[in-house]
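Visitor: Encoded as structure tokens, here's the structure I'll be asking about.
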Amino acid sequence: MLDISASATLQLMQLDGSTVELLRVGDDLRWEAEGIIVTMESNALEGGLLLRPEVYTDRALAIADLTLIDTSVAEEEIRFLRFGFMSPGDPCFFGRLGPEGIAPEPAGIYRTRVEEDERQVAVASTSAVALADVERTWVHVVGNSTFKQSEGSIYLVCEKATSAIRLIYKVILDGMILPAGESKSLDPIVSLAGTDLHELLAQWADHAAGQVKPLMPKVIPTGWNDWQYYRNEKTQEDVLDSAEVIADLKRRGYPLDFVQIDGGFCLHLSEWSTPKPEFADGIDSISQKISDQGLEFGLWFAPYIQNRETRVVREHPEWLLRDGDGEPVAMPGSNVGPAHLIDYSLDEPLDWLREQVRLFVRDWHVTWIKLDGPQYHFYRRGLLQNRSMSVHEMLMRTFEVIRDEAGPEVLIEGEGMLGLALGWVELHRMQQDTHPLWYRHSGDGEPAAYAPYVYGKELIMGFLHNRWWCNHRENVILRDFPSPFAFGGGSNPYVYGPVFTDAEFKTQLVAAVMGSGGLLLTDPMKELARSPERMEWISRILPVWPHAARVVDPFPDGRYPHVFRLDVETESEAYTLIAVINWTDRMTDFSYPMAELVPIDRAGHPHHAFSYLDRGYVGIVRDSLEVPDLAAHASRLIALRPVQDHPQLVSTSMHFIQGAVELERVLWRRETDCLTIEVRHFHQEDEKLFLAVPEGWRLERIETDAQRYAYDDFDRSTPAVRFEGAKERRTTFDIYWKKM
């Protein structure tokens, strides 16, 4: 067990930059110095500890930050999982830390989370961190228990001269003033130990969720969003054209409910109540037209940053966040242009925020608010005018207002700090914007792998899904043509966005399905509809299976695991989906023991393996699953079903989940040697049911209400039923066999 209470001294940083070293008093978890007292109550948890810190001062004290833990971790190299809880774009990745630095070597966005000089190298995490020894024989997870005052900042530090590695846990309080004679309880800290990373992360997430009441949507939200293709350049006609296609798909049974307008609908990108000329009919009119088509309306909202040309900035400069010299903090390059930050430690801006949400919900009938931000690192460029609270506490006030005004029937999607949003939002975006590219140049011109940074984080964070909220992966790109608006387009007609390769396109979809959660299409739908082959992918990924996959190979040598496992269980059957993703730039062979890929009660049992993207039967696997010759950036999605002593279903062509989503029932009736398969999917045109037939069985007859079908037994061990389903999209097959 990592001794998180072992610190001999604690360090308190005051706002003026001076530090106070608090000395531990005897064997108690109590530290004192200069009239300041810090205590930590220790409570046992299953497999760990919970520390409850409290700070008291007999003099007025402006606290910048307080180091609560500084303890030894190891005397040599360790493995770690760095979390990105600050925002969807905050990277989440695995690595190794030692005197030689970080491996893999940080590049692009990863470098910003690593601090190194001639004496030491450190990796910084937020809210939680996981670490393990090089051989993966032990695992620790350390993280915040609640998110009331701060997010918790955690540093793993390696001294180059000695190879000693320390864990430092710091609470950042942003210059909050604690009056003389008062005390303040801080967020408790959880430390858990074990051997299974997934189980420890689930335990930590369950503990944190147990301190509040997580919110969940009634159904997983799906629909369409304009952002990835149009960016800020969309018009009301663009939105309504795609809404027309989405509405038609919904009438045909596709589970698509929302049309969401993203940034760029209003003047100055943040003048929320005033649409720009391209939306001249008004947002209320567009909302009504979308509603008239049987769809719900969603809208982007980023109330923390305001373009300097908006009315709130021009008319209320006293509401703006200010720096140490009293000047408004400027953000020259924000996503709404040159901007300032609103200081919600004051009451008047909260009243303004309340009015904006009322406009969205009551006047415009918004039922999904895409809440962009807030960001700690923006607000930490200045000082709150009301110093009785931390930045975290100030931002919590905004969530209270938004939630109160939106009411329980409006979905709120978080797009800022994750911990802060727990208990306030029904869904939260997990990763950075999806783009149809694998590499992207960072600010210094160095290319860094972008797709793994997006999809890798989405898959690692799957343990939060259905615990804190419904995870949201946002946009899925289906088009095979570029956007003229992305990557500097719009203003430059010669700049076009990239397009996925076939392998990268399918890997994006595998990550979306295995990550689960909210899912939005994002292409111009009338143009996409001209390509039936591309449109068919919608039926392959919808509806969303409600559960997310888990990591099979934690603490890999690379930044991201290659193998993810989803155990699927319905009333009819239990099977496992395995996704193998090749993040590398070269063809690679993969091999994993079956004991790690299936539940313990099925380990040692032979399984049929079917590769969905290849539409191919892999064979019967026993000891290990071999995935040879996997191309760079490509994926395999393999269904593993226990081998039965009779003909059985092994996959379908209809959906990536390969059974649980598109089939209502799969039943073997031994008394009649009949395999019954009931299909309940909205797309049943030229689809297939893939079967496995043991030696000694032959088909006798098929009874079905399908409009057309054919039995293909070119390979007698793995035949397929090809069909066009019944008109009502409820099709039943009774397939009778004879034992020879």
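Order determines the names: the first chain of the structure tokens is A, the second B, and so forth; residues in each chain are numbered 1 upward, and ligands are numbered 1 upward as they are shown.
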Give me, as a list in words, all polymer residues having an atom no more than 6 Å from range 545-559 of chain A, counting only C-alpha atoms and skipping those fewer than 5 positions away in the same chain.
Guide: Phe93, Phe94, Gly95, Gly462, Met514, Gly515, Ser516, Phe564, Arg565 and Leu566 of chain A
Visitor: Would you save the residues of that selection, restricted to N, CA, C and O atoms, as a PDB file, in the first residue's frame?
Guide:
```pdb
ATOM      1  N   PHE A  93      -2.857   9.344 -21.117  1.00  0.00           N
ATOM      2  CA  PHE A  93      -1.926   8.427 -21.767  1.00  0.00           C
ATOM      3  C   PHE A  93      -1.111   7.647 -20.747  1.00  0.00           C
ATOM      4  O   PHE A  93      -0.933   8.073 -19.613  1.00  0.00           O
ATOM      5  N   PHE A  94      -0.615   6.496 -21.175  1.00  0.00           N
ATOM      6  CA  PHE A  94       0.288   5.680 -20.385  1.00  0.00           C
ATOM      7  C   PHE A  94       1.734   6.062 -20.700  1.00  0.00           C
ATOM      8  O   PHE A  94       2.030   6.632 -21.760  1.00  0.00           O
ATOM      9  N   GLY A  95       2.630   5.730 -19.762  1.00  0.00           N
ATOM     10  CA  GLY A  95       4.047   5.978 -19.997  1.00  0.00           C
ATOM     11  C   GLY A  95       4.899   5.314 -18.941  1.00  0.00           C
ATOM     12  O   GLY A  95       4.405   4.668 -18.018  1.00  0.00           O
ATOM     13  N   GLY A 462     -13.521   4.937 -20.577  1.00  0.00           N
ATOM     14  CA  GLY A 462     -14.783   4.211 -20.600  1.00  0.00           C
ATOM     15  C   GLY A 462     -15.286   3.800 -19.235  1.00  0.00           C
ATOM     16  O   GLY A 462     -16.490   3.582 -19.052  1.00  0.00           O
ATOM     17  N   MET A 514     -17.122   0.902 -29.246  1.00  0.00           N
ATOM     18  CA  MET A 514     -16.598   0.305 -28.020  1.00  0.00           C
ATOM     19  C   MET A 514     -16.584   1.306 -26.866  1.00  0.00           C
ATOM     20  O   MET A 514     -16.652   0.921 -25.696  1.00  0.00           O
ATOM     21  N   GLY A 515     -16.498   2.605 -27.175  1.00  0.00           N
ATOM     22  CA  GLY A 515     -16.538   3.632 -26.138  1.00  0.00           C
ATOM     23  C   GLY A 515     -17.937   3.913 -25.635  1.00  0.00           C
ATOM     24  O   GLY A 515     -18.107   4.424 -24.530  1.00  0.00           O
ATOM     25  N   SER A 516     -18.953   3.589 -26.455  1.00  0.00           N
ATOM     26  CA  SER A 516     -20.364   3.809 -26.121  1.00  0.00           C
ATOM     27  C   SER A 516     -20.639   5.299 -25.894  1.00  0.00           C
ATOM     28  O   SER A 516     -19.813   6.166 -26.166  1.00  0.00           O
ATOM     29  N   PHE A 564      -9.152  -4.010 -26.351  1.00  0.00           N
ATOM     30  CA  PHE A 564     -10.270  -3.588 -25.511  1.00  0.00           C
ATOM     31  C   PHE A 564     -11.344  -4.666 -25.553  1.00  0.00           C
ATOM     32  O   PHE A 564     -11.597  -5.275 -26.592  1.00  0.00           O
ATOM     33  N   ARG A 565     -11.975  -4.875 -24.415  1.00  0.00           N
ATOM     34  CA  ARG A 565     -12.907  -5.992 -24.248  1.00  0.00           C
ATOM     35  C   ARG A 565     -14.268  -5.487 -23.787  1.00  0.00           C
ATOM     36  O   ARG A 565     -14.360  -4.678 -22.860  1.00  0.00           O
ATOM     37  N   LEU A 566     -15.305  -5.986 -24.426  1.00  0.00           N
ATOM     38  CA  LEU A 566     -16.677  -5.644 -24.068  1.00  0.00           C
ATOM     39  C   LEU A 566     -17.457  -6.937 -23.876  1.00  0.00           C
ATOM     40  O   LEU A 566     -17.700  -7.678 -24.840  1.00  0.00           O
TER      41      LEU A 566
END
```
Visitor: Show me, as number ranges by chain, the residues that have an atom within 7 Å of range 659-667 of chain A when counting only C-alpha atoms, minus same-chain residues fewer than 5 positions from it.
Guide: A: 543, 545, 570, 572, 651-652, 654, 675-681
Visitor: Which parts of range 516-635 of chain A does DSSP call strand (DSSP E) when run on the backbone here, written out as number ranges by chain?
Guide: A: 518-521, 550-551, 563-569, 574-581, 588-593, 607-611, 616-621, 624-630, 635
Visitor: Calculated over only C-alpha atoms, which of the candidates A:Thr507, A:Ser635, A:Leu640, A:Trp300 has the smallest distance to Pro599 in chain A?
Guide: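 Of A:Thr507, A:Ser635, A:Leu640, A:Trp300, the one nearest Pro599 in chain A, counting only C-alpha atoms, is A:Leu640.
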Visitor: For CA of Val212 in chain A and CA of Val38 in chain A, quote the distance in Å rounded to one decimal.
Guide: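 The value is 25.5 Å.
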Visitor: I need the alpha helix (DSSP H) residues of range 527-583 of chain A per DSSP on the backbone, written as number ranges by chain.
Guide: A: 527-528, 532-541
Visitor: Residues as selected, N, CA, C and O atoms, written as a PDB file, in the first residue's frame, can you do that?
Guide:
```pdb
ATOM      1  N   GLU A 527     -25.582  15.769 -48.903  1.00  0.00           N
ATOM      2  CA  GLU A 527     -24.467  15.357 -49.746  1.00  0.00           C
ATOM      3  C   GLU A 527     -24.042  13.934 -49.406  1.00  0.00           C
ATOM      4  O   GLU A 527     -23.724  13.140 -50.293  1.00  0.00           O
ATOM      5  N   LEU A 528     -24.029  13.598 -48.109  1.00  0.00           N
ATOM      6  CA  LEU A 528     -23.666  12.242 -47.716  1.00  0.00           C
ATOM      7  C   LEU A 528     -24.662  11.235 -48.273  1.00  0.00           C
ATOM      8  O   LEU A 528     -24.282  10.115 -48.662  1.00  0.00           O
ATOM      9  N   PRO A 532     -24.841   5.891 -50.932  1.00  0.00           N
ATOM     10  CA  PRO A 532     -25.524   4.881 -50.118  1.00  0.00           C
ATOM     11  C   PRO A 532     -24.555   4.020 -49.308  1.00  0.00           C
ATOM     12  O   PRO A 532     -24.887   3.607 -48.186  1.00  0.00           O
ATOM     13  N   GLU A 533     -23.397   3.741 -49.853  1.00  0.00           N
ATOM     14  CA  GLU A 533     -22.424   2.918 -49.124  1.00  0.00           C
ATOM     15  C   GLU A 533     -22.007   3.589 -47.821  1.00  0.00           C
ATOM     16  O   GLU A 533     -21.897   2.944 -46.776  1.00  0.00           O
ATOM     17  N   ARG A 534     -21.791   4.900 -47.873  1.00  0.00           N
ATOM     18  CA  ARG A 534     -21.430   5.624 -46.652  1.00  0.00           C
ATOM     19  C   ARG A 534     -22.617   5.742 -45.699  1.00  0.00           C
ATOM     20  O   ARG A 534     -22.466   5.657 -44.478  1.00  0.00           O
ATOM     21  N   MET A 535     -23.788   5.936 -46.232  1.00  0.00           N
ATOM     22  CA  MET A 535     -24.975   6.053 -45.377  1.00  0.00           C
ATOM     23  C   MET A 535     -25.242   4.755 -44.617  1.00  0.00           C
ATOM     24  O   MET A 535     -25.755   4.771 -43.493  1.00  0.00           O
ATOM     25  N   GLU A 536     -24.878   3.616 -45.195  1.00  0.00           N
ATOM     26  CA  GLU A 536     -25.136   2.347 -44.534  1.00  0.00           C
ATOM     27  C   GLU A 536     -24.374   2.209 -43.222  1.00  0.00           C
ATOM     28  O   GLU A 536     -24.788   1.460 -42.338  1.00  0.00           O
ATOM     29  N   TRP A 537     -23.256   2.930 -43.083  1.00  0.00           N
ATOM     30  CA  TRP A 537     -22.497   2.828 -41.837  1.00  0.00           C
ATOM     31  C   TRP A 537     -23.316   3.329 -40.646  1.00  0.00           C
ATOM     32  O   TRP A 537     -23.059   2.947 -39.503  1.00  0.00           O
ATOM     33  N   ILE A 538     -24.300   4.194 -40.885  1.00  0.00           N
ATOM     34  CA  ILE A 538     -25.128   4.689 -39.776  1.00  0.00           C
ATOM     35  C   ILE A 538     -25.837   3.524 -39.101  1.00  0.00           C
ATOM     36  O   ILE A 538     -25.891   3.443 -37.862  1.00  0.00           O
ATOM     37  N   SER A 539     -26.383   2.616 -39.894  1.00  0.00           N
ATOM     38  CA  SER A 539     -27.099   1.478 -39.319  1.00  0.00           C
ATOM     39  C   SER A 539     -26.153   0.487 -38.659  1.00  0.00           C
ATOM     40  O   SER A 539     -26.583  -0.341 -37.852  1.00  0.00           O
ATOM     41  N   ARG A 540     -24.857   0.557 -38.972  1.00  0.00           N
ATOM     42  CA  ARG A 540     -23.886  -0.362 -38.366  1.00  0.00           C
ATOM     43  C   ARG A 540     -23.464   0.086 -36.965  1.00  0.00           C
ATOM     44  O   ARG A 540     -22.958  -0.710 -36.185  1.00  0.00           O
ATOM     45  N   ILE A 541     -23.677   1.364 -36.650  1.00  0.00           N
ATOM     46  CA  ILE A 541     -23.222   1.875 -35.346  1.00  0.00           C
ATOM     47  C   ILE A 541     -24.378   2.317 -34.450  1.00  0.00           C
ATOM     48  O   ILE A 541     -24.150   2.643 -33.279  1.00  0.00           O
TER      49      ILE A 541
END
```
Visitor: Between CA of Leu464 in chain A and CA of Pro91 in chain A, what distance in Å does the model show, to one decimal?
Guide: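 Computed distance, CA of Leu464 in chain A to CA of Pro91 in chain A, equals 15.9 Å.
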